2 protein chains.
Amino acid sequence: MDQIGDKWSMLIMRECFLGTRRFEDFYDHLGISKSVLSGKLKKMVDQGLLKKTPYQNEGERTRYEYRLTQKSRDFRKVLIGLLSWSNKYLVEEGNETMYILDSNDNPVHLEVVDDELNSVPLRETRMVIKSKSGDRPSFV
Amino acid sequence: MDQIGDKWSMLIMRECFLGTRRFEDFYDHLGISKSVLSGKLKKMVDQGLLKKTPYQNEGERTRYEYRLTQKSRDFRKVLIGLLSWSNKYLVEEGNETMYILDSNDNPVHLEVVDDELNSVPLRETRMVIKSKSGDRPSFV
DNA sequence: CAGTATCCGGTCTGATACTG
DNA sequence: CAGTATCAGACCGGATACTG
């Protein structure tokens, strides 16, 4: 939560997954103020969530764009989960405006699987803490 | 992000997945102040993320505990994704202290799948916006 | 135990203005 | 266009004290 638990980090990453790369486009799409956006982008570059790379259009001066890194690309699963959840619980049925599709435009979702890719029902999963001392139960 | 994008909501849900139900236990485990915890629990009950149910131990007065709802139970996938991500990028290898296991204590992870449960590589997925007007590209 | 009320300082935000 | 600087207000969070 310290890394990405603020109001904007995930929204900026989602923007990136939607294809946004330039300062102005983030600004236009997110409804964020420029100063805040500037600070967030900088912080996310520092965190290794974005990389700032130069590019140049014909005859224009050099510009910079913000691209995902492996670290933030791997965050996509979290965003997929969040999107599925919000489509189910926060958006009125039929009003969903965002989806995740595969290359054949079929919808995809997340499954919990074991190492052999066998699906594991959610209720058979447990979140455990590896505690050296017994101060906290490792079974739930 | 408006619903669960604050500092504490997801951490409280994680506590619930770890088995915590009572005010004092949240308080002890999370390092949160009582007033903030009180407010968050109340808000999460309002949001349908927790339900407050009475219980009574032998000879004690009635107490209340906070339990997950279907809405928050469905949030588990998001937390699994977040945990996998943070284990990979934020925790030094070998120092992970939390895991998700199935009923045979085998580790589980998230996979993106289509409706037939065929695994879909992340890079073949696209996040799209269903826009009525053409103001925002629906392809990425 | 399970909270609520109050205070107060730090953080985050957007608005505005400015720069190369 | 792509930011940075500044600023005032909202908001959040913890500490403390209090209640049934």
# chains A, B, ... in the order shown; residues from 1 in each chain; ligands from 1

call {"tool": "interface_residues", "arguments": {"of": "chain C", "to": "chain B", "cutoff": "12 Å", "atoms": "only C-alpha atoms (C1' of nucleotides)", "output": "MDAnalysis selection string"}}
result
chainID C and resid 1:6

call {"tool": "write_last_selection", "arguments": {"atoms": "C-alpha atoms (C1' of nucleotides)", "output": "PDB file, in the first residue's frame"}}
result
ATOM      1  C1'  DC C   1     -13.758  -4.412  25.782  1.00  0.00           C
ATOM      2  C1'  DA C   2     -15.457  -1.597  22.085  1.00  0.00           C
ATOM      3  C1'  DG C   3     -15.746   2.071  20.711  1.00  0.00           C
ATOM      4  C1'  DT C   4     -16.673   7.869  20.340  1.00  0.00           C
ATOM      5  C1'  DA C   5     -15.184  12.836  20.735  1.00  0.00           C
ATOM      6  C1'  DT C   6     -11.777  16.182  20.220  1.00  0.00           C
TER       7       DT C   6
END

call {"tool": "select_by_dssp", "arguments": {"residues": "region 34-138 of chain B", "states": "strand (DSSP E)", "output": "PyMOL selection string"}}
result
chain B and resi 50-55+63-68+98-101+109-113+126-129

call {"tool": "closest_atom_pairs", "arguments": {"of": "chain D", "to": "chain B", "cutoff": "10 Å", "atoms": "only C-alpha atoms (C1' of nucleotides)", "output": "JSON lines"}}
result
{"residue": "D:DC12", "atom": "C1'", "partner": "B:Val36", "partner_atom": "CA", "distance": 9.0}
{"residue": "D:DG13", "atom": "C1'", "partner": "B:Val36", "partner_atom": "CA", "distance": 7.2}
{"residue": "D:DG14", "atom": "C1'", "partner": "B:Ser33", "partner_atom": "CA", "distance": 6.0}
{"residue": "D:DA15", "atom": "C1'", "partner": "B:Ser33", "partner_atom": "CA", "distance": 8.4}

call {"tool": "write_last_selection", "arguments": {"atoms": "N, CA and C atoms (P, O5', C5', C4', C3', O3' and C1' of nucleotides)", "output": "PDB file, in the first residue's frame"}}
result
ATOM      1  P    DC D  12     -10.503  11.712   3.770  1.00  0.00           P
ATOM      2  O5'  DC D  12      -9.161  11.287   4.521  1.00  0.00           O
ATOM      3  C5'  DC D  12      -7.907  11.355   3.834  1.00  0.00           C
ATOM      4  C4'  DC D  12      -6.808  11.063   4.829  1.00  0.00           C
ATOM      5  C3'  DC D  12      -7.187   9.974   5.831  1.00  0.00           C
ATOM      6  O3'  DC D  12      -6.155   9.009   5.875  1.00  0.00           O
ATOM      7  C1'  DC D  12      -6.463  11.958   6.958  1.00  0.00           C
ATOM      8  P    DG D  13      -6.320   7.662   6.675  1.00  0.00           P
ATOM      9  O5'  DG D  13      -4.943   7.539   7.441  1.00  0.00           O
ATOM     10  C5'  DG D  13      -3.971   8.558   7.391  1.00  0.00           C
ATOM     11  C4'  DG D  13      -3.401   8.818   8.762  1.00  0.00           C
ATOM     12  C3'  DG D  13      -3.748   7.784   9.826  1.00  0.00           C
ATOM     13  O3'  DG D  13      -2.561   7.177  10.335  1.00  0.00           O
ATOM     14  C1'  DG D  13      -4.217  10.013  10.601  1.00  0.00           C
ATOM     15  P    DG D  14      -2.674   6.107  11.508  1.00  0.00           P
ATOM     16  O5'  DG D  14      -2.259   6.953  12.797  1.00  0.00           O
ATOM     17  C5'  DG D  14      -0.972   7.560  12.842  1.00  0.00           C
ATOM     18  C4'  DG D  14      -0.844   8.381  14.097  1.00  0.00           C
ATOM     19  C3'  DG D  14      -1.015   7.588  15.402  1.00  0.00           C
ATOM     20  O3'  DG D  14       0.043   7.923  16.289  1.00  0.00           O
ATOM     21  C1'  DG D  14      -2.531   9.421  15.351  1.00  0.00           C
ATOM     22  P    DA D  15       0.090   7.269  17.736  1.00  0.00           P
ATOM     23  O5'  DA D  15      -0.474   8.446  18.649  1.00  0.00           O
ATOM     24  C5'  DA D  15       0.123   9.739  18.613  1.00  0.00           C
ATOM     25  C4'  DA D  15      -0.424  10.575  19.761  1.00  0.00           C
ATOM     26  C3'  DA D  15      -0.605   9.805  21.078  1.00  0.00           C
ATOM     27  O3'  DA D  15      -0.124  10.595  22.158  1.00  0.00           O
ATOM     28  C1'  DA D  15      -2.687  10.694  20.353  1.00  0.00           C
TER      29       DA D  15
END

call {"tool": "interface_residues", "arguments": {"of": "chain A", "to": "chain B", "cutoff": "7 Å", "atoms": "only C-alpha atoms", "output": "PyMOL selection string"}}
result
chain A and resi 1+5-7+17-19+71+75+77-78+81-82+85+89+97-103+106-115+124-130+140

call {"tool": "write_last_selection", "arguments": {"atoms": "N, CA and C atoms", "output": "compact mmCIF listing (two decimals), in the first residue's frame"}}
result
# COMPACT_ATOMS: atom_id res chain seq x y z
N MET A 1 0.81 -1.20 0.00
CA MET A 1 0.00 0.00 0.00
C MET A 1 0.86 1.26 0.00
N GLY A 5 -0.67 2.54 -3.01
CA GLY A 5 -1.93 2.69 -2.30
C GLY A 5 -2.45 4.11 -2.24
N ASP A 6 -1.97 4.98 -3.07
CA ASP A 6 -2.49 6.34 -3.08
C ASP A 6 -3.60 6.46 -4.12
N LYS A 7 -4.14 7.63 -4.19
CA LYS A 7 -5.31 7.81 -5.05
C LYS A 7 -5.00 7.63 -6.54
N PHE A 17 -2.16 1.17 -19.52
CA PHE A 17 -2.65 -0.04 -20.17
C PHE A 17 -3.63 0.31 -21.29
N LEU A 18 -4.26 1.46 -21.15
CA LEU A 18 -5.17 1.90 -22.21
C LEU A 18 -4.42 2.56 -23.36
N GLY A 19 -3.12 2.71 -23.19
CA GLY A 19 -2.33 3.21 -24.30
C GLY A 19 -1.77 4.61 -24.12
N LYS A 71 7.77 -4.26 -14.15
CA LYS A 71 7.13 -4.19 -12.83
C LYS A 71 5.67 -3.74 -12.93
N PHE A 75 1.67 -5.69 -13.01
CA PHE A 75 0.57 -5.24 -12.17
C PHE A 75 -0.78 -5.41 -12.86
N LYS A 77 -2.44 -7.91 -13.74
CA LYS A 77 -3.36 -8.87 -13.14
C LYS A 77 -4.17 -8.25 -12.02
N VAL A 78 -3.52 -7.42 -11.24
CA VAL A 78 -4.24 -6.77 -10.15
C VAL A 78 -5.34 -5.88 -10.72
N GLY A 81 -8.24 -7.90 -11.90
CA GLY A 81 -9.06 -8.32 -10.77
C GLY A 81 -9.93 -7.20 -10.25
N LEU A 82 -9.33 -6.04 -10.15
CA LEU A 82 -10.06 -4.87 -9.67
C LEU A 82 -11.18 -4.50 -10.62
N TRP A 85 -13.99 -7.02 -10.35
CA TRP A 85 -14.72 -6.80 -9.11
C TRP A 85 -15.63 -5.58 -9.21
N TYR A 89 -19.64 -5.34 -8.73
CA TYR A 89 -20.24 -4.77 -7.53
C TYR A 89 -20.47 -3.26 -7.56
N THR A 97 -18.23 -0.16 -18.66
CA THR A 97 -17.63 0.54 -19.79
C THR A 97 -16.22 0.05 -20.09
N MET A 98 -15.67 -0.79 -19.23
CA MET A 98 -14.35 -1.31 -19.51
C MET A 98 -14.35 -2.83 -19.42
N TYR A 99 -13.56 -3.43 -20.29
CA TYR A 99 -13.44 -4.87 -20.31
C TYR A 99 -12.01 -5.26 -20.60
N ILE A 100 -11.72 -6.54 -20.30
CA ILE A 100 -10.46 -7.12 -20.71
C ILE A 100 -10.78 -8.20 -21.73
N LEU A 101 -10.15 -8.11 -22.88
CA LEU A 101 -10.40 -9.08 -23.94
C LEU A 101 -9.09 -9.73 -24.36
N ASP A 102 -9.20 -10.93 -24.92
CA ASP A 102 -8.01 -11.55 -25.50
C ASP A 102 -7.92 -11.14 -26.97
N SER A 103 -6.96 -11.73 -27.67
CA SER A 103 -6.71 -11.26 -29.03
C SER A 103 -7.85 -11.59 -29.98
N ASN A 106 -12.48 -12.13 -27.07
CA ASN A 106 -13.26 -12.84 -26.07
C ASN A 106 -12.90 -12.32 -24.68
N PRO A 107 -13.89 -12.22 -23.82
CA PRO A 107 -13.60 -11.72 -22.47
C PRO A 107 -12.73 -12.70 -21.69
N VAL A 108 -11.90 -12.18 -20.84
CA VAL A 108 -11.07 -13.03 -19.99
C VAL A 108 -11.34 -12.66 -18.53
N HIS A 109 -10.96 -13.55 -17.65
CA HIS A 109 -11.07 -13.25 -16.23
C HIS A 109 -9.93 -13.93 -15.50
N LEU A 110 -9.89 -13.77 -14.20
CA LEU A 110 -8.82 -14.36 -13.42
C LEU A 110 -9.27 -15.64 -12.76
N GLU A 111 -8.38 -16.59 -12.71
CA GLU A 111 -8.63 -17.81 -11.96
C GLU A 111 -7.48 -18.06 -11.01
N VAL A 112 -7.81 -18.63 -9.88
CA VAL A 112 -6.77 -19.06 -8.96
C VAL A 112 -6.39 -20.49 -9.34
N VAL A 113 -5.13 -20.70 -9.59
CA VAL A 113 -4.68 -22.02 -10.02
C VAL A 113 -3.46 -22.46 -9.22
N ASP A 114 -3.22 -23.77 -9.23
CA ASP A 114 -1.99 -24.26 -8.61
C ASP A 114 -0.89 -24.33 -9.66
N ASP A 115 0.23 -24.93 -9.29
CA ASP A 115 1.38 -24.89 -10.20
C ASP A 115 1.13 -25.68 -11.49
N GLU A 124 -11.05 -22.77 -1.10
CA GLU A 124 -10.03 -23.72 -0.67
C GLU A 124 -8.67 -23.07 -0.52
N THR A 125 -8.64 -21.76 -0.72
CA THR A 125 -7.36 -21.07 -0.54
C THR A 125 -7.28 -20.46 0.85
N ARG A 126 -6.07 -20.36 1.36
CA ARG A 126 -5.84 -19.74 2.65
C ARG A 126 -4.69 -18.77 2.52
N MET A 127 -4.82 -17.67 3.22
CA MET A 127 -3.75 -16.70 3.28
C MET A 127 -2.98 -16.99 4.57
N VAL A 128 -1.71 -17.26 4.45
CA VAL A 128 -0.95 -17.63 5.66
C VAL A 128 0.23 -16.70 5.86
N ILE A 129 0.58 -16.55 7.09
CA ILE A 129 1.74 -15.76 7.47
C ILE A 129 2.82 -16.71 7.96
N LYS A 130 3.99 -16.59 7.38
CA LYS A 130 5.11 -17.39 7.85
C LYS A 130 5.73 -16.67 9.04
N VAL A 140 -5.46 -20.00 9.06
CA VAL A 140 -6.65 -19.16 9.15
C VAL A 140 -7.88 -20.02 8.95

call {"tool": "atom_distance", "arguments": {"atom1": "CA of Tyr27 (chain B)", "atom2": "CA of Lys42 (chain B)"}}
result
14.2 Å

call {"tool": "atom_distance", "arguments": {"atom1": "CA of Arg21 (chain A)", "atom2": "CA of Arg67 (chain A)"}}
result
6.0 Å

call {"tool": "decode", "arguments": {"residues": "region 8-20 of chain D", "atoms": "all heavy atoms", "output": "compact mmCIF listing (two decimals), in the first residue's frame"}}
result
# COMPACT_ATOMS: atom_id res chain seq x y z
P DA D 8 -1.43 31.16 1.24
OP1 DA D 8 -1.12 32.59 1.44
OP2 DA D 8 -0.79 30.14 2.09
O5' DA D 8 -3.01 30.96 1.33
C5' DA D 8 -3.82 31.06 0.16
C4' DA D 8 -4.91 30.02 0.23
O4' DA D 8 -4.40 28.74 -0.26
C3' DA D 8 -5.41 29.73 1.65
O3' DA D 8 -6.83 29.54 1.59
C2' DA D 8 -4.69 28.46 2.05
C1' DA D 8 -4.59 27.74 0.71
N9 DA D 8 -3.46 26.81 0.60
C8 DA D 8 -2.21 26.95 1.16
N7 DA D 8 -1.39 25.96 0.88
C5 DA D 8 -2.15 25.12 0.08
C6 DA D 8 -1.85 23.90 -0.55
N6 DA D 8 -0.66 23.30 -0.47
N1 DA D 8 -2.84 23.32 -1.27
C2 DA D 8 -4.02 23.93 -1.35
N3 DA D 8 -4.42 25.08 -0.80
C4 DA D 8 -3.42 25.63 -0.10
P DG D 9 -7.70 29.41 2.91
OP1 DG D 9 -8.70 30.49 2.88
OP2 DG D 9 -6.79 29.25 4.07
O5' DG D 9 -8.46 28.03 2.67
C5' DG D 9 -9.06 27.77 1.41
C4' DG D 9 -9.27 26.28 1.26
O4' DG D 9 -8.00 25.62 1.08
C3' DG D 9 -9.92 25.63 2.48
O3' DG D 9 -11.00 24.82 2.02
C2' DG D 9 -8.80 24.80 3.11
C1' DG D 9 -7.93 24.48 1.91
N9 DG D 9 -6.52 24.25 2.20
C8 DG D 9 -5.68 25.07 2.92
N7 DG D 9 -4.46 24.59 3.03
C5 DG D 9 -4.51 23.39 2.33
C6 DG D 9 -3.50 22.44 2.10
O6 DG D 9 -2.32 22.46 2.47
N1 DG D 9 -3.98 21.36 1.35
C2 DG D 9 -5.26 21.22 0.89
N2 DG D 9 -5.54 20.12 0.19
N3 DG D 9 -6.21 22.11 1.10
C4 DG D 9 -5.77 23.17 1.82
P DA D 10 -12.00 24.12 3.03
OP1 DA D 10 -13.37 24.44 2.58
OP2 DA D 10 -11.57 24.40 4.42
O5' DA D 10 -11.72 22.58 2.71
C5' DA D 10 -11.87 22.13 1.36
C4' DA D 10 -11.39 20.69 1.26
O4' DA D 10 -9.97 20.64 1.52
C3' DA D 10 -12.06 19.75 2.26
O3' DA D 10 -12.48 18.59 1.55
C2' DA D 10 -10.97 19.49 3.30
C1' DA D 10 -9.68 19.68 2.51
N9 DA D 10 -8.55 20.22 3.26
C8 DA D 10 -8.51 21.39 3.96
N7 DA D 10 -7.34 21.65 4.51
C5 DA D 10 -6.56 20.58 4.14
C6 DA D 10 -5.22 20.25 4.40
N6 DA D 10 -4.39 21.02 5.13
N1 DA D 10 -4.75 19.10 3.89
C2 DA D 10 -5.56 18.33 3.16
N3 DA D 10 -6.83 18.53 2.84
C4 DA D 10 -7.28 19.68 3.37
P DC D 11 -13.21 17.41 2.29
OP1 DC D 11 -14.05 16.73 1.26
OP2 DC D 11 -13.82 17.94 3.53
O5' DC D 11 -12.02 16.44 2.66
C5' DC D 11 -11.02 16.14 1.69
C4' DC D 11 -9.96 15.32 2.37
O4' DC D 11 -9.08 16.19 3.11
C3' DC D 11 -10.50 14.31 3.37
O3' DC D 11 -10.03 13.03 3.01
C2' DC D 11 -9.97 14.79 4.72
C1' DC D 11 -8.72 15.55 4.31
N1 DC D 11 -8.26 16.62 5.22
C2 DC D 11 -6.92 16.64 5.63
O2 DC D 11 -6.15 15.76 5.23
N3 DC D 11 -6.49 17.64 6.44
C4 DC D 11 -7.34 18.59 6.85
N4 DC D 11 -6.87 19.55 7.64
C5 DC D 11 -8.71 18.59 6.44
C6 DC D 11 -9.12 17.60 5.63
P DC D 12 -10.50 11.71 3.77
OP1 DC D 12 -10.81 10.68 2.77
OP2 DC D 12 -11.51 12.11 4.78
O5' DC D 12 -9.16 11.29 4.52
C5' DC D 12 -7.91 11.35 3.83
C4' DC D 12 -6.81 11.06 4.83
O4' DC D 12 -6.52 12.26 5.59
C3' DC D 12 -7.19 9.97 5.83
O3' DC D 12 -6.15 9.01 5.87
C2' DC D 12 -7.35 10.73 7.16
C1' DC D 12 -6.46 11.96 6.96
N1 DC D 12 -6.92 13.18 7.69
C2 DC D 12 -6.00 13.90 8.46
O2 DC D 12 -4.83 13.51 8.52
N3 DC D 12 -6.42 15.02 9.10
C4 DC D 12 -7.69 15.42 9.00
N4 DC D 12 -8.06 16.52 9.64
C5 DC D 12 -8.64 14.69 8.23
C6 DC D 12 -8.21 13.58 7.59
P DG D 13 -6.32 7.66 6.67
OP1 DG D 13 -6.42 6.59 5.68
OP2 DG D 13 -7.39 7.81 7.68
O5' DG D 13 -4.94 7.54 7.44
C5' DG D 13 -3.97 8.56 7.39
C4' DG D 13 -3.40 8.82 8.76
O4' DG D 13 -3.92 10.09 9.22
C3' DG D 13 -3.75 7.78 9.83
O3' DG D 13 -2.56 7.18 10.34
C2' DG D 13 -4.47 8.55 10.92
C1' DG D 13 -4.22 10.01 10.60
N9 DG D 13 -5.39 10.83 10.81
C8 DG D 13 -6.68 10.58 10.37
N7 DG D 13 -7.53 11.49 10.71
C5 DG D 13 -6.79 12.40 11.42
C6 DG D 13 -7.17 13.61 12.04
O6 DG D 13 -8.30 14.12 12.08
N1 DG D 13 -6.11 14.25 12.65
C2 DG D 13 -4.81 13.78 12.67
N2 DG D 13 -3.92 14.51 13.31
N3 DG D 13 -4.42 12.65 12.09
C4 DG D 13 -5.46 12.02 11.49
P DG D 14 -2.67 6.11 11.51
OP1 DG D 14 -1.62 5.12 11.26
OP2 DG D 14 -4.07 5.67 11.67
O5' DG D 14 -2.26 6.95 12.80
C5' DG D 14 -0.97 7.56 12.84
C4' DG D 14 -0.84 8.38 14.10
O4' DG D 14 -1.86 9.41 14.10
C3' DG D 14 -1.02 7.59 15.40
O3' DG D 14 0.04 7.92 16.29
C2' DG D 14 -2.38 8.02 15.92
C1' DG D 14 -2.53 9.42 15.35
N9 DG D 14 -3.92 9.82 15.07
C8 DG D 14 -4.84 9.12 14.34
N7 DG D 14 -5.99 9.72 14.24
C5 DG D 14 -5.83 10.90 14.95
C6 DG D 14 -6.74 11.96 15.20
O6 DG D 14 -7.91 12.07 14.82
N1 DG D 14 -6.17 12.97 15.97
C2 DG D 14 -4.87 12.95 16.44
N2 DG D 14 -4.50 13.99 17.16
N3 DG D 14 -4.00 11.97 16.22
C4 DG D 14 -4.55 10.98 15.47
P DA D 15 0.09 7.27 17.74
OP1 DA D 15 1.52 7.08 18.05
OP2 DA D 15 -0.84 6.12 17.82
O5' DA D 15 -0.47 8.45 18.65
C5' DA D 15 0.12 9.74 18.61
C4' DA D 15 -0.42 10.58 19.76
O4' DA D 15 -1.73 11.07 19.39
C3' DA D 15 -0.61 9.81 21.08
O3' DA D 15 -0.12 10.60 22.16
C2' DA D 15 -2.10 9.54 21.15
C1' DA D 15 -2.69 10.69 20.35
N9 DA D 15 -3.91 10.34 19.62
C8 DA D 15 -4.12 9.21 18.87
N7 DA D 15 -5.31 9.16 18.30
C5 DA D 15 -5.92 10.33 18.71
C6 DA D 15 -7.19 10.87 18.45
N6 DA D 15 -8.10 10.27 17.67
N1 DA D 15 -7.49 12.07 19.01
C2 DA D 15 -6.56 12.67 19.77
N3 DA D 15 -5.33 12.26 20.09
C4 DA D 15 -5.08 11.07 19.52
P DT D 16 -0.13 10.00 23.64
OP1 DT D 16 1.02 10.60 24.34
OP2 DT D 16 -0.30 8.54 23.58
O5' DT D 16 -1.46 10.62 24.26
C5' DT D 16 -1.79 11.98 24.01
C4' DT D 16 -3.23 12.22 24.44
O4' DT D 16 -4.13 11.75 23.41
C3' DT D 16 -3.64 11.48 25.73
O3' DT D 16 -3.88 12.44 26.76
C2' DT D 16 -4.91 10.72 25.34
C1' DT D 16 -5.33 11.40 24.05
N1 DT D 16 -6.09 10.54 23.11
C2 DT D 16 -7.33 10.96 22.69
O2 DT D 16 -7.82 12.01 23.04
N3 DT D 16 -7.96 10.10 21.83
C4 DT D 16 -7.49 8.87 21.37
O4 DT D 16 -8.15 8.19 20.61
C5 DT D 16 -6.20 8.49 21.86
C7 DT D 16 -5.60 7.19 21.44
C6 DT D 16 -5.56 9.32 22.70
P DA D 17 -4.27 11.92 28.27
OP1 DA D 17 -3.66 12.84 29.23
OP2 DA D 17 -4.02 10.46 28.37
O5' DA D 17 -5.85 12.15 28.27
C5' DA D 17 -6.40 13.33 27.69
C4' DA D 17 -7.91 13.18 27.58
O4' DA D 17 -8.22 12.31 26.45
C3' DA D 17 -8.56 12.52 28.82
O3' DA D 17 -9.71 13.26 29.20
C2' DA D 17 -8.93 11.12 28.32
C1' DA D 17 -9.20 11.39 26.86
N9 DA D 17 -9.09 10.20 26.02
C8 DA D 17 -8.06 9.30 25.97
N7 DA D 17 -8.24 8.33 25.12
C5 DA D 17 -9.47 8.60 24.56
C6 DA D 17 -10.24 7.95 23.58
N6 DA D 17 -9.85 6.83 22.98
N1 DA D 17 -11.44 8.49 23.25
C2 DA D 17 -11.83 9.61 23.86
N3 DA D 17 -11.20 10.32 24.79
C4 DA D 17 -10.01 9.76 25.09
P DC D 18 -10.49 12.86 30.56
OP1 DC D 18 -10.89 14.13 31.21
OP2 DC D 18 -9.70 11.85 31.31
O5' DC D 18 -11.81 12.16 30.01
C5' DC D 18 -12.67 12.89 29.15
C4' DC D 18 -13.66 11.95 28.48
O4' DC D 18 -12.92 10.98 27.68
C3' DC D 18 -14.51 11.12 29.45
O3' DC D 18 -15.88 11.47 29.29
C2' DC D 18 -14.26 9.67 29.06
C1' DC D 18 -13.67 9.80 27.66
N1 DC D 18 -12.73 8.68 27.31
C2 DC D 18 -13.14 7.72 26.37
O2 DC D 18 -14.26 7.80 25.87
N3 DC D 18 -12.28 6.70 26.06
C4 DC D 18 -11.08 6.64 26.63
N4 DC D 18 -10.28 5.65 26.27
C5 DC D 18 -10.65 7.61 27.58
C6 DC D 18 -11.50 8.60 27.89
P DT D 19 -16.98 10.81 30.34
OP1 DT D 19 -18.04 11.82 30.49
OP2 DT D 19 -16.28 10.24 31.51
O5' DT D 19 -17.57 9.60 29.51
C5' DT D 19 -18.41 9.86 28.38
C4' DT D 19 -18.96 8.55 27.85
O4' DT D 19 -17.84 7.70 27.42
C3' DT D 19 -19.72 7.73 28.90
O3' DT D 19 -20.93 7.27 28.32
C2' DT D 19 -18.80 6.56 29.21
C1' DT D 19 -18.05 6.40 27.88
N1 DT D 19 -16.72 5.75 27.95
C2 DT D 19 -16.48 4.66 27.15
O2 DT D 19 -17.32 4.20 26.40
N3 DT D 19 -15.23 4.12 27.26
C4 DT D 19 -14.21 4.57 28.07
O4 DT D 19 -13.12 4.01 28.09
C5 DT D 19 -14.52 5.72 28.89
C7 DT D 19 -13.48 6.27 29.81
C6 DT D 19 -15.74 6.24 28.79
P DG D 20 -22.25 7.04 29.25
OP1 DG D 20 -23.31 7.90 28.69
OP2 DG D 20 -21.83 7.16 30.68
O5' DG D 20 -22.64 5.52 28.98
C5' DG D 20 -23.06 5.11 27.70
C4' DG D 20 -22.89 3.61 27.61
O4' DG D 20 -21.48 3.31 27.57
C3' DG D 20 -23.48 2.84 28.81
O3' DG D 20 -24.11 1.66 28.33
C2' DG D 20 -22.25 2.49 29.63
C1' DG D 20 -21.22 2.30 28.52
N9 DG D 20 -19.81 2.44 28.92
C8 DG D 20 -19.25 3.41 29.72
N7 DG D 20 -17.96 3.27 29.87
C5 DG D 20 -17.66 2.12 29.13
C6 DG D 20 -16.42 1.46 28.92
O6 DG D 20 -15.31 1.77 29.35
N1 DG D 20 -16.57 0.34 28.11
C2 DG D 20 -17.76 -0.09 27.58
N2 DG D 20 -17.73 -1.17 26.85
N3 DG D 20 -18.92 0.52 27.77
C4 DG D 20 -18.79 1.61 28.56
